[in-house]
>>> print(open('entry-v8.csv').read())   # CSV, C-alpha atoms and all ligand atoms
chain,number,residue,atom,x,y,z
C,1,PRO,CA,0.0,0.0,0.0
C,2,ALA,CA,3.0,2.4,0.3
C,3,ASP,CA,2.6,3.7,-3.2
C,4,TRP,CA,-1.1,4.3,-2.7
C,5,TYR,CA,-0.4,6.1,0.6
C,6,ARG,CA,2.3,8.3,-1.0
C,7,GLN,CA,-0.1,9.3,-3.8
C,8,MET,CA,-2.9,10.1,-1.5
C,9,ARG,CA,-0.8,12.1,0.9
C,10,SER,CA,0.2,14.4,-2.0
C,11,GLU,CA,-3.0,14.4,-4.1
C,12,ALA,CA,-5.9,13.9,-1.7
C,13,PRO,CA,-4.7,13.8,1.9
C,14,VAL,CA,-8.3,14.0,3.2
C,15,HIS,CA,-10.3,12.0,0.7
C,16,TYR,CA,-14.1,11.3,0.5
C,17,ASP,CA,-14.8,7.7,-0.5
C,18,GLU,CA,-18.1,7.8,-2.2
C,19,GLU,CA,-18.6,4.1,-2.3
C,20,ARG,CA,-18.3,3.6,1.4
C,21,ASP,CA,-19.5,7.1,2.4
C,22,CYS,CA,-16.4,7.7,4.6
C,23,TYR,CA,-13.4,10.0,4.7
C,24,ASP,CA,-9.8,8.6,4.4
C,25,VAL,CA,-7.1,10.6,6.2
C,26,PHE,CA,-3.4,10.1,5.2
C,27,ARG,CA,-1.0,12.7,6.6
C,28,PHE,CA,0.8,12.3,9.9
C,29,ASP,CA,-0.6,15.5,11.5
C,30,ASP,CA,-4.2,14.9,10.4
C,31,VAL,CA,-4.1,11.2,11.5
C,32,GLN,CA,-2.8,12.2,14.9
C,33,ARG,CA,-5.6,14.7,15.3
C,34,VAL,CA,-8.3,12.2,14.3
C,35,LEU,CA,-7.0,9.7,16.8
C,36,ALA,CA,-6.6,12.1,19.7
C,37,ASP,CA,-9.2,14.8,19.4
C,38,TYR,CA,-12.2,13.0,20.9
C,39,SER,CA,-14.2,16.2,21.2
C,40,VAL,CA,-14.9,15.9,17.4
C,41,PHE,CA,-13.8,12.3,16.5
C,42,SER,CA,-15.8,9.8,18.5
C,43,SER,CA,-14.9,6.2,19.1
C,44,GLN,CA,-18.4,5.1,19.7
C,45,ARG,CA,-19.0,2.4,17.2
C,46,ALA,CA,-21.8,-0.1,16.8
C,47,GLY,CA,-19.2,-2.8,16.7
C,48,GLU,CA,-19.7,-6.5,17.2
C,49,GLU,CA,-21.9,-7.7,19.9
C,50,LEU,CA,-19.3,-8.8,22.5
C,51,THR,CA,-16.9,-5.9,22.2
C,52,SER,CA,-19.4,-3.1,21.4
C,53,GLN,CA,-19.5,-2.1,25.1
C,54,SER,CA,-15.8,-2.2,25.5
C,55,ILE,CA,-13.1,0.4,26.1
C,56,ILE,CA,-12.1,0.8,22.5
C,57,ASN,CA,-15.6,2.0,21.6
C,58,MET,CA,-16.0,4.5,24.5
C,59,ASP,CA,-15.4,8.3,24.6
C,60,PRO,CA,-14.1,10.2,27.6
C,61,PRO,CA,-15.2,10.7,30.4
C,62,LYS,CA,-16.7,7.2,30.5
C,63,HIS,CA,-13.6,5.8,28.8
C,64,MET,CA,-11.3,7.1,31.5
C,65,LYS,CA,-12.9,5.3,34.4
C,66,TYR,CA,-13.0,2.0,32.4
C,67,ARG,CA,-9.4,2.5,31.3
C,68,GLN,CA,-8.3,3.0,34.9
C,69,LEU,CA,-10.1,-0.2,35.9
C,70,VAL,CA,-8.5,-2.4,33.3
C,71,ALA,CA,-5.1,-0.7,33.5
C,72,GLN,CA,-4.6,-2.2,36.9
C,73,ALA,CA,-4.0,-5.5,35.1
C,74,PHE,CA,-1.4,-3.9,32.8
C,75,THR,CA,1.0,-2.1,35.2
C,76,PRO,CA,4.7,-2.2,34.3
C,77,LYS,CA,5.2,-4.5,37.3
C,78,ALA,CA,2.5,-6.9,36.1
C,79,ILE,CA,3.9,-6.9,32.5
C,80,ASP,CA,7.6,-7.3,33.6
C,81,ALA,CA,6.6,-10.2,35.8
C,82,LEU,CA,5.6,-12.1,32.6
C,83,ALA,CA,9.1,-11.9,31.0
C,84,PRO,CA,10.6,-15.2,32.3
C,85,ARG,CA,7.5,-17.1,31.2
C,86,ILE,CA,7.5,-15.5,27.8
C,87,GLU,CA,11.1,-16.4,27.4
C,88,GLU,CA,10.3,-20.0,28.2
C,89,ILE,CA,7.5,-20.1,25.7
C,90,ALA,CA,9.7,-18.6,23.0
C,91,ARG,CA,12.5,-21.1,23.7
C,92,GLU,CA,10.1,-24.0,23.6
C,93,LEU,CA,8.6,-22.9,20.3
C,94,LEU,CA,12.0,-22.5,18.7
C,95,GLU,CA,13.2,-25.9,20.0
C,96,GLU,CA,10.2,-27.5,18.2
C,97,ALA,CA,10.7,-25.4,15.1
C,98,ALA,CA,14.4,-26.2,14.9
C,99,ASP,CA,13.5,-29.8,14.0
C,100,ARG,CA,11.3,-28.8,11.1
C,101,PRO,CA,12.7,-28.9,7.6
C,102,ASP,CA,10.1,-26.2,6.6
C,103,PHE,CA,10.3,-23.7,9.4
C,104,ASP,CA,7.7,-21.0,9.0
C,105,LEU,CA,8.4,-18.1,11.3
C,106,ILE,CA,4.7,-17.1,11.4
C,107,ARG,CA,3.1,-20.5,11.7
C,108,ASP,CA,5.6,-22.0,14.1
C,109,PHE,CA,6.7,-18.9,16.1
C,110,SER,CA,5.1,-15.5,15.9
C,111,TYR,CA,1.5,-16.8,15.6
C,112,PRO,CA,1.4,-19.2,18.6
C,113,LEU,CA,3.5,-17.0,21.0
C,114,PRO,CA,1.0,-14.2,21.7
C,115,VAL,CA,-1.9,-16.7,21.9
C,116,ILE,CA,-0.2,-18.8,24.5
C,117,VAL,CA,0.8,-15.7,26.5
C,118,ILE,CA,-2.7,-14.3,26.5
C,119,ALA,CA,-4.2,-17.7,27.4
C,120,GLU,CA,-1.9,-17.9,30.4
C,121,MET,CA,-2.7,-14.3,31.4
C,122,LEU,CA,-6.4,-15.2,31.3
C,123,GLY,CA,-5.8,-18.4,33.3
C,124,VAL,CA,-6.6,-20.9,30.6
C,125,PRO,CA,-5.2,-24.2,31.8
C,126,ASN,CA,-2.8,-26.1,29.7
C,127,GLU,CA,-5.2,-28.8,28.7
C,128,ASP,CA,-7.5,-26.3,27.1
C,129,ARG,CA,-4.8,-24.5,25.1
C,130,GLU,CA,-5.6,-26.1,21.8
C,131,LYS,CA,-9.3,-25.4,22.2
C,132,PHE,CA,-8.6,-21.9,23.1
C,133,LYS,CA,-6.3,-21.4,20.2
C,134,HIS,CA,-8.9,-22.6,17.8
C,135,TRP,CA,-11.6,-20.3,19.2
C,136,SER,CA,-9.4,-17.2,19.2
C,137,ASP,CA,-8.4,-18.1,15.7
C,138,VAL,CA,-11.9,-18.3,14.4
C,139,VAL,CA,-13.3,-15.2,16.2
C,140,VAL,CA,-10.9,-12.8,14.5
C,141,LYS,CA,-10.7,-14.6,11.1
C,142,GLY,CA,-11.8,-12.8,8.0
C,143,VAL,CA,-13.4,-14.5,5.1
C,144,ASP,CA,-10.9,-16.9,3.5
C,145,ILE,CA,-11.8,-16.3,-0.1
C,146,GLU,CA,-8.9,-18.3,-1.4
C,147,ALA,CA,-10.1,-21.4,0.5
C,148,GLY,CA,-13.6,-20.9,-1.0
C,149,GLU,CA,-15.2,-19.7,2.1
C,150,THR,CA,-18.4,-17.6,1.8
C,151,ILE,CA,-19.3,-14.6,4.0
C,152,GLU,CA,-22.2,-16.6,5.5
C,153,GLU,CA,-20.0,-19.5,6.4
C,154,ASN,CA,-17.5,-17.3,8.0
C,155,LEU,CA,-20.2,-15.5,10.0
C,156,LYS,CA,-21.6,-18.7,11.2
C,157,ALA,CA,-18.3,-20.1,12.2
C,158,ARG,CA,-17.5,-16.9,14.1
C,159,GLN,CA,-20.9,-16.9,15.9
C,160,THR,CA,-20.4,-20.5,17.1
C,161,ALA,CA,-16.9,-19.8,18.3
C,162,ASN,CA,-18.0,-16.6,20.0
C,163,GLN,CA,-20.7,-18.4,21.9
C,164,GLU,CA,-18.4,-21.3,22.9
C,165,LEU,CA,-15.7,-18.9,24.0
C,166,ALA,CA,-18.1,-16.7,25.9
C,167,MET,CA,-19.4,-19.7,27.8
C,168,TYR,CA,-15.8,-20.7,28.5
C,169,PHE,CA,-14.8,-17.3,29.7
C,170,ALA,CA,-17.9,-17.0,31.8
C,171,ASP,CA,-16.9,-20.2,33.5
C,172,ILE,CA,-13.4,-19.0,34.2
C,173,ILE,CA,-14.7,-15.7,35.6
C,174,GLN,CA,-17.1,-17.5,37.9
C,175,ARG,CA,-14.4,-19.8,39.2
C,176,ARG,CA,-12.1,-16.9,39.8
C,177,ALA,CA,-14.8,-14.9,41.5
C,178,ILE,CA,-15.2,-17.7,44.1
C,179,ASN,CA,-11.5,-18.7,44.1
C,180,PRO,CA,-9.1,-15.9,43.2
C,181,SER,CA,-5.8,-16.8,41.7
C,182,ASN,CA,-2.9,-14.6,40.5
C,183,ASP,CA,-4.1,-14.3,36.9
C,184,MET,CA,-5.5,-11.2,35.1
C,185,ILE,CA,-9.1,-12.2,35.5
C,186,SER,CA,-8.7,-12.2,39.3
C,187,THR,CA,-7.0,-8.8,39.2
C,188,LEU,CA,-9.8,-7.4,37.0
C,189,LEU,CA,-12.5,-8.9,39.3
C,190,SER,CA,-11.0,-7.1,42.3
C,191,SER,CA,-10.0,-3.8,40.6
C,192,GLU,CA,-12.0,-0.8,41.8
C,193,VAL,CA,-12.2,2.9,40.9
C,194,ASP,CA,-14.3,5.3,43.0
C,195,GLY,CA,-15.9,2.3,44.6
C,196,GLU,CA,-17.0,0.9,41.2
C,197,LYS,CA,-16.1,-2.4,39.7
C,198,LEU,CA,-16.3,-4.0,36.3
C,199,THR,CA,-19.5,-5.9,35.7
C,200,ILE,CA,-19.3,-9.5,34.5
C,201,PRO,CA,-20.4,-8.6,30.9
C,202,GLU,CA,-17.8,-5.9,30.8
C,203,LEU,CA,-15.1,-8.3,31.9
C,204,LEU,CA,-16.3,-10.8,29.3
C,205,GLY,CA,-16.1,-8.1,26.6
C,206,PHE,CA,-12.7,-7.1,27.7
C,207,ALA,CA,-11.4,-10.6,27.6
C,208,PHE,CA,-12.7,-10.8,24.0
C,209,LEU,CA,-11.1,-7.5,23.1
C,210,LEU,CA,-7.7,-8.7,24.2
C,211,LEU,CA,-7.9,-11.5,21.7
C,212,VAL,CA,-9.0,-9.2,18.9
C,213,ALA,CA,-6.6,-6.4,19.8
C,214,GLY,CA,-3.6,-8.2,21.0
C,215,ASN,CA,-2.9,-11.4,19.1
C,216,GLU,CA,-2.7,-10.9,15.4
C,217,THR,CA,-1.1,-7.5,15.9
C,218,THR,CA,1.7,-8.9,18.0
C,219,THR,CA,2.2,-11.8,15.6
C,220,ASN,CA,2.6,-9.2,12.8
C,221,LEU,CA,4.9,-7.0,14.9
C,222,ILE,CA,7.3,-10.0,15.1
C,223,GLY,CA,6.7,-11.2,11.5
C,224,ASN,CA,6.9,-7.8,9.9
C,225,THR,CA,10.0,-6.7,11.8
C,226,MET,CA,11.7,-10.0,10.9
C,227,LEU,CA,10.8,-9.6,7.3
C,228,SER,CA,12.3,-6.1,7.2
C,229,LEU,CA,15.5,-7.5,8.9
C,230,LEU,CA,15.8,-10.5,6.7
C,231,GLU,CA,15.0,-9.0,3.3
C,232,THR,CA,18.1,-7.0,3.7
C,233,PRO,CA,20.5,-9.5,5.2
C,234,ALA,CA,22.9,-6.8,6.2
C,235,ASN,CA,20.3,-5.6,8.7
C,236,TRP,CA,19.9,-9.0,10.3
C,237,GLU,CA,23.7,-9.5,10.4
C,238,ARG,CA,24.1,-6.1,12.1
C,239,LEU,CA,21.5,-6.8,14.7
C,240,VAL,CA,23.2,-10.1,15.6
C,241,ARG,CA,26.5,-8.3,16.0
C,242,GLU,CA,24.9,-5.3,17.8
C,243,PRO,CA,21.9,-6.7,19.8
C,244,GLU,CA,21.7,-3.4,21.7
C,245,LEU,CA,19.9,-2.1,18.5
C,246,LEU,CA,17.0,-4.5,19.2
C,247,ASN,CA,14.7,-1.9,20.7
C,248,ALA,CA,15.3,0.6,17.9
C,249,ALA,CA,14.8,-2.2,15.3
C,250,ILE,CA,11.4,-3.1,16.9
C,251,GLU,CA,10.2,0.5,16.9
C,252,GLU,CA,11.3,0.8,13.3
C,253,GLY,CA,9.5,-2.4,12.5
C,254,LEU,CA,6.3,-0.9,14.0
C,255,ARG,CA,6.7,2.3,11.9
C,256,PHE,CA,7.8,0.7,8.6
C,257,ARG,CA,5.2,-2.0,8.5
C,258,SER,CA,2.6,-1.0,11.1
C,259,PRO,CA,0.6,-4.1,12.2
C,260,ALA,CA,-2.6,-1.9,12.7
C,261,GLN,CA,-2.9,0.1,9.5
C,262,SER,CA,-6.0,2.0,10.2
C,263,MET,CA,-8.5,3.0,13.0
C,264,ASN,CA,-11.8,4.6,12.5
C,265,ARG,CA,-13.8,7.4,14.3
C,266,TYR,CA,-17.2,9.1,13.8
C,267,THR,CA,-17.5,12.9,13.6
C,268,LYS,CA,-19.7,14.4,16.3
C,269,GLU,CA,-20.0,17.7,14.5
C,270,GLU,CA,-19.0,19.3,11.2
C,271,VAL,CA,-15.2,19.7,11.1
C,272,GLU,CA,-12.6,21.0,8.7
C,273,LEU,CA,-9.5,18.8,8.2
C,274,GLY,CA,-6.8,19.4,5.7
C,275,GLY,CA,-9.0,22.0,3.9
C,276,VAL,CA,-11.9,19.5,3.6
C,277,LYS,CA,-15.2,20.0,5.3
C,278,ILE,CA,-16.4,16.7,6.9
C,279,PRO,CA,-20.1,16.8,7.9
C,280,ALA,CA,-21.3,15.5,11.3
C,281,GLY,CA,-22.0,11.8,11.6
C,282,LYS,CA,-19.4,10.5,9.1
C,283,GLU,CA,-17.0,7.7,9.4
C,284,VAL,CA,-13.4,8.8,9.3
C,285,ILE,CA,-10.5,6.4,8.6
C,286,ALA,CA,-7.2,7.4,10.1
C,287,TRP,CA,-4.5,5.6,8.1
C,288,ILE,CA,-1.8,5.0,10.7
C,289,GLY,CA,0.2,3.0,8.1
C,290,SER,CA,0.4,6.1,5.9
C,291,ALA,CA,1.1,8.5,8.7
C,292,ASN,CA,4.1,6.4,9.7
C,293,LEU,CA,5.5,6.7,6.2
C,294,ASP,CA,4.9,10.4,5.8
C,295,ASP,CA,8.1,12.1,4.7
C,296,ALA,CA,6.9,15.4,6.1
C,297,LYS,CA,7.5,13.7,9.5
C,298,PHE,CA,10.3,11.1,8.9
C,299,ASP,CA,13.6,11.3,7.1
C,300,ARG,CA,14.1,8.5,4.6
C,301,ALA,CA,10.5,7.6,5.4
C,302,ASP,CA,10.4,4.9,2.8
C,303,GLN,CA,13.4,3.0,4.2
C,304,PHE,CA,13.8,0.6,7.1
C,305,VAL,CA,16.5,2.4,9.2
C,306,ILE,CA,17.5,-0.1,11.8
C,307,ASP,CA,18.9,2.5,14.3
C,308,ARG,CA,16.4,5.3,13.7
C,309,ASN,CA,16.3,7.8,16.5
C,310,PRO,CA,14.1,9.5,17.4
C,311,ASN,CA,11.2,7.5,16.1
C,312,PRO,CA,7.9,9.2,16.9
C,313,HIS,CA,5.7,6.6,15.1
C,314,ILE,CA,2.0,6.2,16.0
C,315,ALA,CA,1.7,2.5,15.5
C,316,PHE,CA,0.0,2.1,18.9
C,317,GLY,CA,-2.3,5.1,18.3
C,318,MET,CA,-2.4,8.4,20.0
C,319,GLY,CA,-4.3,10.1,22.9
C,320,PRO,CA,-6.7,8.5,25.4
C,321,HIS,CA,-7.0,5.2,23.4
C,322,PHE,CA,-3.2,4.7,23.1
C,323,CYS,CA,-2.7,1.0,23.0
C,324,LEU,CA,-3.1,-0.5,26.5
C,325,GLY,CA,-1.1,-3.5,25.5
C,326,ALA,CA,1.9,-1.6,24.0
C,327,PRO,CA,4.3,-2.6,26.9
C,328,LEU,CA,3.3,-6.2,26.5
C,329,ALA,CA,3.6,-6.2,22.7
C,330,ARG,CA,7.0,-4.6,23.0
C,331,LEU,CA,8.1,-7.1,25.6
C,332,GLU,CA,7.0,-10.0,23.5
C,333,GLY,CA,8.6,-8.6,20.4
C,334,ARG,CA,11.9,-8.1,22.2
C,335,ILE,CA,11.9,-11.5,23.7
C,336,ALA,CA,10.9,-13.2,20.5
C,337,ILE,CA,13.6,-11.6,18.3
C,338,GLN,CA,16.3,-11.9,21.0
C,339,ALA,CA,15.5,-15.6,21.1
C,340,LEU,CA,16.0,-15.8,17.3
C,341,ILE,CA,19.3,-13.8,17.6
C,342,ASP,CA,20.5,-16.2,20.3
C,343,ARG,CA,19.4,-19.5,18.7
C,344,MET,CA,19.3,-18.8,15.0
C,345,PRO,CA,21.9,-16.2,14.2
C,346,THR,CA,22.3,-17.4,10.6
C,347,LEU,CA,18.7,-17.1,9.8
C,348,ARG,CA,17.7,-16.1,6.2
C,349,LEU,CA,14.6,-16.0,4.0
C,350,ALA,CA,13.9,-19.3,2.3
C,351,GLU,CA,14.8,-19.1,-1.4
C,352,GLY,CA,11.8,-18.3,-3.6
C,353,ALA,CA,9.6,-17.9,-0.6
C,354,ASP,CA,6.1,-16.9,-1.5
C,355,LEU,CA,5.4,-13.9,0.8
C,356,LYS,CA,1.7,-13.5,0.7
C,357,THR,CA,0.2,-10.7,2.9
C,358,VAL,CA,-2.9,-11.0,4.9
C,359,THR,CA,-5.9,-9.5,3.0
C,360,SER,CA,-7.3,-6.9,5.2
C,361,PRO,CA,-7.5,-3.1,5.2
C,362,ILE,CA,-6.8,-2.9,8.9
C,363,ILE,CA,-4.2,-5.6,9.5
C,364,HIS,CA,-0.8,-5.6,7.8
C,365,GLY,CA,1.1,-8.9,8.0
C,366,LEU,CA,2.3,-12.0,6.3
C,367,LYS,CA,0.4,-15.2,6.0
C,368,SER,CA,3.7,-17.1,6.1
C,369,LEU,CA,7.4,-16.4,6.4
C,370,PRO,CA,9.5,-19.4,5.4
C,371,VAL,CA,13.0,-19.2,6.7
C,372,VAL,CA,16.1,-21.4,6.8
C,373,ARG,CA,18.8,-21.4,9.5
Y,1,LIG,C1,-5.7,0.0,21.4
Y,1,LIG,C2,-2.3,-1.2,18.2
Y,1,LIG,C3,-1.0,-5.0,20.9
Y,1,LIG,C4,-4.7,-4.2,23.8
Y,1,LIG,C5,-4.8,0.0,20.3
Y,1,LIG,C6,-4.8,1.1,19.4
Y,1,LIG,C7,-3.9,0.7,18.4
Y,1,LIG,C8,-3.3,-0.5,18.8
Y,1,LIG,C9,-3.5,1.5,17.2
Y,1,LIG,C10,-5.7,2.3,19.4
Y,1,LIG,C11,-7.1,2.1,18.9
Y,1,LIG,C12,-7.8,3.4,18.7
Y,1,LIG,O1,-7.3,4.5,18.7
Y,1,LIG,O2,-9.1,3.3,18.4
Y,1,LIG,C13,-1.6,-2.3,18.6
Y,1,LIG,C14,-0.5,-2.9,18.0
Y,1,LIG,C15,-0.1,-4.0,18.8
Y,1,LIG,C16,-1.0,-4.1,19.9
Y,1,LIG,C17,0.2,-2.4,16.7
Y,1,LIG,C18,1.0,-5.0,18.6
Y,1,LIG,C19,2.2,-4.7,18.0
Y,1,LIG,C20,-1.9,-5.1,21.9
Y,1,LIG,C21,-1.8,-6.1,22.9
Y,1,LIG,C22,-2.9,-5.9,23.7
Y,1,LIG,C23,-3.6,-4.8,23.2
Y,1,LIG,C24,-0.7,-7.2,23.1
Y,1,LIG,C25,-3.4,-6.6,25.0
Y,1,LIG,C26,-3.1,-7.9,25.3
Y,1,LIG,C27,-5.3,-3.0,23.4
Y,1,LIG,C28,-6.5,-2.4,24.0
Y,1,LIG,C29,-6.7,-1.2,23.4
Y,1,LIG,C30,-5.7,-1.1,22.3
Y,1,LIG,C31,-7.2,-3.0,25.2
Y,1,LIG,C32,-7.9,-0.2,23.7
Y,1,LIG,C33,-7.3,0.9,24.5
Y,1,LIG,C34,-8.4,2.0,24.7
Y,1,LIG,O3,-9.4,2.0,24.0
Y,1,LIG,O4,-8.2,2.7,25.7
Y,1,LIG,N1,-3.9,-0.9,20.0
Y,1,LIG,N2,-2.0,-3.1,19.7
Y,1,LIG,N3,-3.0,-4.3,22.1
Y,1,LIG,N4,-4.9,-2.2,22.3
Y,1,LIG,FE1,-3.4,-2.6,21.1
>>> encode(input="entry-v8.csv", output="structure tokens", more="lines below")
Ligand code: HEM
Amino acid sequence: PADWYRQMRSEAPVHYDEERDCYDVFRFDDVQRVLADYSVFSSQRAGEELTSQSIINMDPPKHMKYRQLVAQAFTPKAIDALAPRIEEIARELLEEAADRPDFDLIRDFSYPLPVIVIAEMLGVPNEDREKFKHWSDVVVKGVDIEAGETIEENLKARQTANQELAMYFADIIQRRAINPSNDMISTLLSSEVDGEKLTIPELLGFAFLLLVAGNETTTNLIGNTMLSLLETPANWERLVREPELLNAAIEEGLRFRSPAQSMNRYTKEEVELGGVKIPAGKEVIAWIGSANLDDAKFDRADQFVIDRNPNPHIAFGMGPHFCLGAPLARLEGRIAIQALIDRMPTLRLAEGADLKTVTSPIIHGLKSLPVVR
């Protein structure tokens, strides 16, 4: 999409899409405003049933209280405490992958890692891991046109998985309510702001949101960054020699191939943006993926610069909705790529690898990333 973004930034930075009756926004400064200025650009979306009442669809002031409630499960201390376990999971996955003649970095590593991490955070026991993986897979899956799936089939599969997963979560929540443990659900059950607590449906919605917001994005943070490193082998070789560049490389991965390419809002009143009048009640698409490639903001914007500094990208959004899971995503990214540096320093792209991207206007990532070591 980089070419399309470039063209739109210069020719129609705020563009009315007649077909979808919405406005696309492409320049860094405008995207930033759409994401952060909630007085005009509302996050209240109809959304899907289970996440419609959730934090990502709320405006301040309601948003603030809810955010304070769930943030208690995402403190730096709570996230840092996960590091040893994430390291262990990464090591186990790589040990299994090392035996495969057809190591696929997505399928065998960057896809399972965040799913296992979130399953453990939610208190899903080991024996339910596969079941859980299947559900979280189905609830976020788009229509697989290539596999001949129809929209109706996809909807039906998702509804079934939604119901089964909701029942499963409800059961976990109930058990934790009676018998608290040291997992996230227990923390969320006891967290309180101004004497108010999350209701059970809110908690259920939040658990769903974590699957939708946190899994595929983190998979693609790892996959996209590794693609950028491996497609120019000098980058990977440099990182292996200078692993202190890892944080910068991950930030650049987030900027250069942003896992979440767009976020939407709805105008609460008429507003002028980039010289275009947007009427009240319109959907506005903030193209994060384009903002992060804007050469008005970044030098050599169209290149992956492994040691870029500073790097004020907005891959995790801006303002009150700034990604709650950013510290976790960064931690997982760091641990995953460090594990690859340690165990597979001679990694390279498989020859003739077919690098198909996920077909979605929101998600940017690879379907598979075949590598050899
Ligand atoms: C919000 C991106 C990982 C949980 C957001 C937003 C973005 C984003 C752009 C802002 C949405 C908006 O403005 O409407 C990403 C990226 C990730 C990532 C690129 C990985 C590289 C995670 C993880 C979790 C998570 C691992 C949790 C386990 C959330 C939640 C929100 C959010 C709960 C809503 C926050 C709010 O509305 O106040 N994320 N995310 N994300 N993200 Fe992430």
>>> residues_near_ligand(input="entry-v8.csv", ligand="ligand LIG 1 (chain Y)", cutoff="8 Å", atoms="only C-alpha atoms and all ligand atoms", output="ChimeraX atom specification")
/C:35-36,43,54-58,63-64,67,114,118,206,209-211,213-222,254,258-265,288,314-330,333
>>> write_last_selection(input="entry-v8.csv", atoms="C-alpha atoms", output="PDB file, in the frame of the given file")
ATOM      1  CA  LEU C  35      -7.000   9.700  16.800  1.00  0.00           C
ATOM      2  CA  ALA C  36      -6.600  12.100  19.700  1.00  0.00           C
ATOM      3  CA  SER C  43     -14.900   6.200  19.100  1.00  0.00           C
ATOM      4  CA  SER C  54     -15.800  -2.200  25.500  1.00  0.00           C
ATOM      5  CA  ILE C  55     -13.100   0.400  26.100  1.00  0.00           C
ATOM      6  CA  ILE C  56     -12.100   0.800  22.500  1.00  0.00           C
ATOM      7  CA  ASN C  57     -15.600   2.000  21.600  1.00  0.00           C
ATOM      8  CA  MET C  58     -16.000   4.500  24.500  1.00  0.00           C
ATOM      9  CA  HIS C  63     -13.600   5.800  28.800  1.00  0.00           C
ATOM     10  CA  MET C  64     -11.300   7.100  31.500  1.00  0.00           C
ATOM     11  CA  ARG C  67      -9.400   2.500  31.300  1.00  0.00           C
ATOM     12  CA  PRO C 114       1.000 -14.200  21.700  1.00  0.00           C
ATOM     13  CA  ILE C 118      -2.700 -14.300  26.500  1.00  0.00           C
ATOM     14  CA  PHE C 206     -12.700  -7.100  27.700  1.00  0.00           C
ATOM     15  CA  LEU C 209     -11.100  -7.500  23.100  1.00  0.00           C
ATOM     16  CA  LEU C 210      -7.700  -8.700  24.200  1.00  0.00           C
ATOM     17  CA  LEU C 211      -7.900 -11.500  21.700  1.00  0.00           C
ATOM     18  CA  ALA C 213      -6.600  -6.400  19.800  1.00  0.00           C
ATOM     19  CA  GLY C 214      -3.600  -8.200  21.000  1.00  0.00           C
ATOM     20  CA  ASN C 215      -2.900 -11.400  19.100  1.00  0.00           C
ATOM     21  CA  GLU C 216      -2.700 -10.900  15.400  1.00  0.00           C
ATOM     22  CA  THR C 217      -1.100  -7.500  15.900  1.00  0.00           C
ATOM     23  CA  THR C 218       1.700  -8.900  18.000  1.00  0.00           C
ATOM     24  CA  THR C 219       2.200 -11.800  15.600  1.00  0.00           C
ATOM     25  CA  ASN C 220       2.600  -9.200  12.800  1.00  0.00           C
ATOM     26  CA  LEU C 221       4.900  -7.000  14.900  1.00  0.00           C
ATOM     27  CA  ILE C 222       7.300 -10.000  15.100  1.00  0.00           C
ATOM     28  CA  LEU C 254       6.300  -0.900  14.000  1.00  0.00           C
ATOM     29  CA  SER C 258       2.600  -1.000  11.100  1.00  0.00           C
ATOM     30  CA  PRO C 259       0.600  -4.100  12.200  1.00  0.00           C
ATOM     31  CA  ALA C 260      -2.600  -1.900  12.700  1.00  0.00           C
ATOM     32  CA  GLN C 261      -2.900   0.100   9.500  1.00  0.00           C
ATOM     33  CA  SER C 262      -6.000   2.000  10.200  1.00  0.00           C
ATOM     34  CA  MET C 263      -8.500   3.000  13.000  1.00  0.00           C
ATOM     35  CA  ASN C 264     -11.800   4.600  12.500  1.00  0.00           C
ATOM     36  CA  ARG C 265     -13.800   7.400  14.300  1.00  0.00           C
ATOM     37  CA  ILE C 288      -1.800   5.000  10.700  1.00  0.00           C
ATOM     38  CA  ILE C 314       2.000   6.200  16.000  1.00  0.00           C
ATOM     39  CA  ALA C 315       1.700   2.500  15.500  1.00  0.00           C
ATOM     40  CA  PHE C 316       0.000   2.100  18.900  1.00  0.00           C
ATOM     41  CA  GLY C 317      -2.300   5.100  18.300  1.00  0.00           C
ATOM     42  CA  MET C 318      -2.400   8.400  20.000  1.00  0.00           C
ATOM     43  CA  GLY C 319      -4.300  10.100  22.900  1.00  0.00           C
ATOM     44  CA  PRO C 320      -6.700   8.500  25.400  1.00  0.00           C
ATOM     45  CA  HIS C 321      -7.000   5.200  23.400  1.00  0.00           C
ATOM     46  CA  PHE C 322      -3.200   4.700  23.100  1.00  0.00           C
ATOM     47  CA  CYS C 323      -2.700   1.000  23.000  1.00  0.00           C
ATOM     48  CA  LEU C 324      -3.100  -0.500  26.500  1.00  0.00           C
ATOM     49  CA  GLY C 325      -1.100  -3.500  25.500  1.00  0.00           C
ATOM     50  CA  ALA C 326       1.900  -1.600  24.000  1.00  0.00           C
ATOM     51  CA  PRO C 327       4.300  -2.600  26.900  1.00  0.00           C
ATOM     52  CA  LEU C 328       3.300  -6.200  26.500  1.00  0.00           C
ATOM     53  CA  ALA C 329       3.600  -6.200  22.700  1.00  0.00           C
ATOM     54  CA  ARG C 330       7.000  -4.600  23.000  1.00  0.00           C
ATOM     55  CA  GLY C 333       8.600  -8.600  20.400  1.00  0.00           C
TER      56      GLY C 333
END
>>> residues_around(input="entry-v8.csv", residues="Asp299 (chain C)", least_positions_apart="6", cutoff="12 Å", atoms="all atoms listed in the file", output="list of chain:residue names")
C:Asn292, C:Leu293, C:Val305, C:Arg308, C:Asn309, C:Pro310, C:Asn311, C:Pro312
>>> residues_near_point(input="entry-v8.csv", point="(16.8, -19.6, 9.7)", cutoff="12 Å", atoms="all atoms listed in the file", output="VMD selection string")
chain C and resid 94 97 to 105 109 226 to 227 230 233 236 340 to 351 369 to 373
>>> closest_residue(input="entry-v8.csv", among="C:Ile285, C:Ala73, C:Ile337, C:Cys22", to="Leu239 (chain C)", atoms="all atoms listed in the file")
C:Ile337
>>> residues_near_point(input="entry-v8.csv", point="(13.1, -17.3, 24.3)", cutoff="9 Å", atoms="only C-alpha atoms", output="list in words")
Pro84, Arg85, Ile86, Glu87, Glu88, Ile89, Ala90, Arg91, Glu92, Leu93, Leu94, Ile335, Ala336, Ile337, Gln338, Ala339, Leu340, Asp342 and Arg343 of chain C
